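Colleague: Dumping the structure here so I can ask a few things about it.
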4 protein chains.
Amino acid sequence: MGNAALRKKIYIIIHGTDTPAGRRFDVVLLWMILLSTLIVCLESVPSYRKLFNEYFRILELVFTAAFTLEYFLRVYSNPRPLKYMFSFFGIIDFLSVIPTYLAFFIPSLRYIMAIRILRLLRVFRILKLTSYVENAQLIKSALSASLQKITVFILTVCALVLVIGTVIYVVEGEENGFTSIPQSIYWAIVTITTVGYGDITPKTAFGQVISSLVMLMGYAIIAVPTGIVTVELSKAKVPGALSVGPPLTCDNCSREVNKTDNYCSNCGQALVRMK
Amino acid sequence: MGNAALRKKIYIIIHGTDTPAGRRFDVVLLWMILLSTLIVCLESVPSYRKLFNEYFRILELVFTAAFTLEYFLRVYSNPRPLKYMFSFFGIIDFLSVIPTYLAFFIPSLRYIMAIRILRLLRVFRILKLTSYVENAQLIKSALSASLQKITVFILTVCALVLVIGTVIYVVEGEENGFTSIPQSIYWAIVTITTVGYGDITPKTAFGQVISSLVMLMGYAIIAVPTGIVTVELSKAKVPGALSVGPPLTCDNCSREVNKTDNYCSNCGQALVRMK
Amino acid sequence: MGNAALRKKIYIIIHGTDTPAGRRFDVVLLWMILLSTLIVCLESVPSYRKLFNEYFRILELVFTAAFTLEYFLRVYSNPRPLKYMFSFFGIIDFLSVIPTYLAFFIPSLRYIMAIRILRLLRVFRILKLTSYVENAQLIKSALSASLQKITVFILTVCALVLVIGTVIYVVEGEENGFTSIPQSIYWAIVTITTVGYGDITPKTAFGQVISSLVMLMGYAIIAVPTGIVTVELSKAKVPGALSVGPPLTCDNCSREVNKTDNYCSNCGQALVRMK
Amino acid sequence: MGNAALRKKIYIIIHGTDTPAGRRFDVVLLWMILLSTLIVCLESVPSYRKLFNEYFRILELVFTAAFTLEYFLRVYSNPRPLKYMFSFFGIIDFLSVIPTYLAFFIPSLRYIMAIRILRLLRVFRILKLTSYVENAQLIKSALSASLQKITVFILTVCALVLVIGTVIYVVEGEENGFTSIPQSIYWAIVTITTVGYGDITPKTAFGQVISSLVMLMGYAIIAVPTGIVTVELSKAKVPGALSVGPPLTCDNCSREVNKTDNYCSNCGQALVRMK
């Protein structure tokens, strides 16, 4: 078997899901990613680390070796290796294997491995869950469409929490836990997003009045991103809403018609269009 | 009275709500379920358990005996007993009585009895609250329709909290309460859902910056499921969705047409309708 | 001046807002309600109570005397006193004055006076803020329309928190703060509504896993009431959505027309309607 | 160069973004605002204040001197100086410089400087982010349109938390942390907005039952502002809302007409339009 034929065969196994070998490869990969992520998580639990430290270390090396091999095969088999290496998944694949090697020098870097979980995004492709992919696309496009509005909103909230944080810092002061303006801004964000940890809380009557106002304001504010996303999602659901161009109209009675109509539903005019 | 006649009579009393006996049976059952659930709850309160332990035990046995009898009558009277036994309500009915018997061996199993409360779902049928059932159906169908989108969303959130949890674990470390990655993921979920218990909170300045970013991100994220459900609910509310009768179709090509159309948009057939 | 004339004059002053005297009466009443509510609040603050106890007591008696007089005048002047006494505002007016008298016997009853604040609902009428009243009506009608769906939803949540509360009680147990099933249900409600006080939190790994699931579920659940209310509000906003009867159509071309149109916007047909 | 010419030149540099000088001025100003706000924040951190107090003080004086100069140039170059001084940005510009001078007498006033951040609202103009400005306008107009409804809603919530606060104060009492009615109202707001700090929590069983009811009620309540804003945002998105040009009107009676109308719906005038 020639070199080119081998590359092509590897490419089909790695990227294809139509052949039994390609499908088997994807399923094995999926389970390896899940397992290696689970091991990173479990390894961080002190009691497990004490008991199974050796096994965790061995498994991590095995998984990293396998993923490294896979990475090189992907680069080798790809007709355009550089394009893959700097693509979204190429970078994630690289970041999934490199931390183990770097961890010999700087141990805490090992946790970057958690990025491995993002490789699971391929799972949709593997399981041929096209309707899920479509729904994900829909949510993504709605979020993209609302990105500018959400950005404006987040920037406004940022300016707001800075002002609120400064006010509460002056009112409550360092003796009540508001030790600096950055920490008071942190408190303002915790409050306005309705998270409310309670690690820093207003103690003075005036501080509680200001907090109450901030919370009631947060009430109206939390409605804004919800409204934005809902409107974008509802637009994305209207049939044809994503199509380009102006609405189609009947040449005879000027009434709006659908792209799939053959006759005007109002006057019965036959509709002739470029297909 | 023959065996078959008896079975039929029992069946009518248990399943029917049209006869006085059937209705009386349902109302008694409803109150027994509510009472027995209440007793499970009260029994768990230490001060009540000390005082009324004997009474609780007796009542529990009485209720369980009654529900056991009812369960056997349901199985006995049902024309297709196996189908009932493996139906949703059949399993719930079984799980409502078995814990008391198992509790002789493993006491903590007794609490599975709380599943009894789910038997109350029959209450809608008993009280003939059809409009409530319709509304429940509407919410259910909207949730079903958005199930795929919600699943995609929850999976994305899961991947996100895993990455956030790992980052905060590295940043804050075990000395600040983030004792392991799983616990840090728990913190990330508590934060991103805006629950914010405050049992684990970031202590370092950098950790608070990351938390702030997570909360602001959670702002945009919480909007997504709301948007999805709202759109589905609003689609379920579109005029005609609840209207009686089948959709209108063209006599010529059987395609669905709107009430206000004069001509079929597919074949151009003039539409004549009863006004 | 006769008795009937006096009653009529009082009635006009109390209920009317068109005469200068009636308007003055309403504005004075408004301020007295606000002040008396403020005093109930301030009196509960220990440091103020120590300092101004005498003044608070006197003011409370003055306000109660005035409100009692007002109540008797309302009953006396009303053509149908019994109907007023058992109306919404009649009961609130009664409950606003009676606690001070009962407090001679049972002091803690005094706080029922806080119900006085509800009398402020009359403020909308006093200030002739019709557009505010209209908006309040809109919100109220949207909430009424969604009442059944919200009820179904709240009942489902109730059944859910009962099951979740029992599960977490068994998993965490009394040693971790989940001292009884009712308290565990309280925890479940605190969690699923994303309030998250943090007074009771899961300590075991398994309890934290269950909490995480409950929070993610709460994500989808919180979307439901928002969706319901949004849909009802959007329906209430469609022009004519609250009007009775089917949509109006042009007799000539059957196209839908607005109630305020004089001519069909499609074919120019003059529209003749019953006014 | 004459006085008027100088003023005009300064005016163009300060207000214009079309000339290179004007653009450079805006970008430098933008960075100075960001830096000076950052310094106010960092200065409040005790550890930084100890180390860099001298540098902070000098930088603050430099920035304030620059902003003071800028303020005087703005007043000087403006054709209508008084109008500028009492405009929104005129007041903010003034409040950005005055605190440093006042701080010689009352140090805590220095923090009013945080208002400087609001000057960044000019950033949209500087960066020519017109589409961001449009989106901000959209959100602003939707919030304005829902202002009355939100006000009605917030007032209702205020009345509600007053009643809830009083009830919980009576039920829990001072020994459980509910030390006064105002503080109990603060707790009610913390709970109903789902912030849930947990600094004050119900201890008695009855208090927890009331809290649970409040939280479930808060569920339905939080849906209202979201619904209001969503409806307003969706109305603002109706096709044509962002279209250029004035609304179409009937030539005969000047009433607004739709683009698809053939006849004026008010006077029946045939509408002839350029296609």
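Scheme for the structure tokens: letters A, B, ... for chains in order shown; per-chain residue numbers from 1; ligand numbers from 1 in order shown.
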Where does chain A meet chain D within 8 Å, residue by residue, with the nearest atom pair and distance in Å to one decimal for each, counting only C-alpha atoms, listed by chain and rising number, as CSV?
Modeller:
```
residue,atom,partner,partner_atom,distance
A:Gln148,CA,D:Tyr132,CA,6.3
A:Lys149,CA,D:Asn135,CA,5.6
A:Val152,CA,D:Ala136,CA,6.2
A:Phe153,CA,D:Ala136,CA,7.8
A:Ala159,CA,D:Ile117,CA,6.6
A:Leu162,CA,D:Ala114,CA,7.5
A:Val163,CA,D:Ala114,CA,6.2
A:Thr166,CA,D:Tyr111,CA,6.8
A:Val167,CA,D:Tyr111,CA,7.9
A:Val170,CA,D:Ser108,CA,7.2
A:Thr179,CA,D:Val45,CA,7.0
A:Ser180,CA,D:Val45,CA,4.7
A:Ile181,CA,D:Cys41,CA,5.3
A:Pro182,CA,D:Cys41,CA,6.1
A:Thr191,CA,D:Val195,CA,6.4
A:Thr193,CA,D:Val195,CA,7.8
A:Thr194,CA,D:Val195,CA,4.0
A:Val195,CA,D:Val195,CA,5.5
A:Gly196,CA,D:Tyr197,CA,4.7
A:Tyr197,CA,D:Tyr197,CA,5.5
A:Gly198,CA,D:Tyr197,CA,4.0
A:Asp199,CA,D:Tyr197,CA,7.8
A:Thr201,CA,D:Asp199,CA,7.1
A:Ala205,CA,D:Gln183,CA,7.8
A:Gln208,CA,D:Tyr186,CA,6.6
A:Val209,CA,D:Tyr186,CA,7.4
A:Ser212,CA,D:Ile189,CA,6.3
A:Met215,CA,D:Thr193,CA,6.6
A:Leu216,CA,D:Thr193,CA,7.1
A:Tyr219,CA,D:Thr193,CA,6.7
A:Ala220,CA,D:Pro225,CA,5.9
A:Ile222,CA,D:Thr226,CA,7.4
A:Ala223,CA,D:Thr226,CA,4.1
A:Val224,CA,D:Val229,CA,6.4
A:Thr226,CA,D:Thr226,CA,6.7
A:Gly227,CA,D:Thr230,CA,3.9
A:Ile228,CA,D:Leu233,CA,6.9
A:Thr230,CA,D:Thr230,CA,7.0
A:Val231,CA,D:Ser234,CA,5.5
A:Ser254,CA,D:Thr260,CA,7.5
A:Arg255,CA,D:Thr260,CA,7.4
```
Colleague: Pick out each residue of region 173-230 of chain A that DSSP on the backbone tags as alpha helix (DSSP H); I need them as a PyMOL selection string.
Modeller: chain A and resi 181-192+205-230
Colleague: Pull C-alpha atoms from the residues just selected and write them as a PDB file, in the first residue's frame.
Modeller:
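Below you can see again-v2.pdb, which holds the result:
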```pdb
ATOM      1  CA  ILE A 181     -14.091  49.236  45.531  1.00  0.00           C
ATOM      2  CA  PRO A 182     -13.218  46.156  43.393  1.00  0.00           C
ATOM      3  CA  GLN A 183     -14.682  43.920  46.125  1.00  0.00           C
ATOM      4  CA  SER A 184     -17.755  46.150  46.348  1.00  0.00           C
ATOM      5  CA  ILE A 185     -18.158  45.832  42.579  1.00  0.00           C
ATOM      6  CA  TYR A 186     -17.983  42.061  43.048  1.00  0.00           C
ATOM      7  CA  TRP A 187     -20.771  42.407  45.633  1.00  0.00           C
ATOM      8  CA  ALA A 188     -22.820  44.532  43.215  1.00  0.00           C
ATOM      9  CA  ILE A 189     -22.520  41.879  40.505  1.00  0.00           C
ATOM     10  CA  VAL A 190     -23.432  39.117  42.976  1.00  0.00           C
ATOM     11  CA  THR A 191     -26.522  41.138  43.941  1.00  0.00           C
ATOM     12  CA  ILE A 192     -27.714  42.416  40.562  1.00  0.00           C
ATOM     13  CA  ALA A 205     -29.728  50.438  57.579  1.00  0.00           C
ATOM     14  CA  PHE A 206     -28.778  52.775  54.731  1.00  0.00           C
ATOM     15  CA  GLY A 207     -26.742  50.054  53.047  1.00  0.00           C
ATOM     16  CA  GLN A 208     -29.760  47.744  53.207  1.00  0.00           C
ATOM     17  CA  VAL A 209     -31.959  50.416  51.644  1.00  0.00           C
ATOM     18  CA  ILE A 210     -29.473  50.805  48.760  1.00  0.00           C
ATOM     19  CA  SER A 211     -29.274  47.007  48.373  1.00  0.00           C
ATOM     20  CA  SER A 212     -33.075  46.819  48.222  1.00  0.00           C
ATOM     21  CA  LEU A 213     -33.126  49.422  45.458  1.00  0.00           C
ATOM     22  CA  VAL A 214     -30.396  47.554  43.565  1.00  0.00           C
ATOM     23  CA  MET A 215     -32.362  44.298  43.833  1.00  0.00           C
ATOM     24  CA  LEU A 216     -35.605  45.867  42.628  1.00  0.00           C
ATOM     25  CA  MET A 217     -33.660  47.466  39.772  1.00  0.00           C
ATOM     26  CA  GLY A 218     -32.097  44.073  39.056  1.00  0.00           C
ATOM     27  CA  TYR A 219     -35.662  42.829  38.643  1.00  0.00           C
ATOM     28  CA  ALA A 220     -36.243  45.043  35.619  1.00  0.00           C
ATOM     29  CA  ILE A 221     -32.688  44.512  34.368  1.00  0.00           C
ATOM     30  CA  ILE A 222     -32.793  40.717  34.333  1.00  0.00           C
ATOM     31  CA  ALA A 223     -35.791  40.993  32.028  1.00  0.00           C
ATOM     32  CA  VAL A 224     -33.752  42.614  29.257  1.00  0.00           C
ATOM     33  CA  PRO A 225     -31.480  39.732  28.095  1.00  0.00           C
ATOM     34  CA  THR A 226     -34.413  37.340  28.377  1.00  0.00           C
ATOM     35  CA  GLY A 227     -36.507  39.625  26.209  1.00  0.00           C
ATOM     36  CA  ILE A 228     -33.719  40.015  23.656  1.00  0.00           C
ATOM     37  CA  VAL A 229     -33.086  36.279  23.300  1.00  0.00           C
ATOM     38  CA  THR A 230     -36.800  35.439  23.248  1.00  0.00           C
TER      39      THR A 230
END
```
Colleague: Could you name the residues that touch region 71-75 of chain D at 7 Å or less, counting only C-alpha atoms, but leaving out those on the same chain fewer than 4 positions away, as a PyMOL selection string?
Modeller: chain D and resi 67+81+93
Colleague: Smallest atom-to-atom distance to Phe178 (chain D): which of D:Glu70, D:Lys203, D:Phe52, D:Pro99, using only C-alpha atoms?
Modeller: D:Lys203
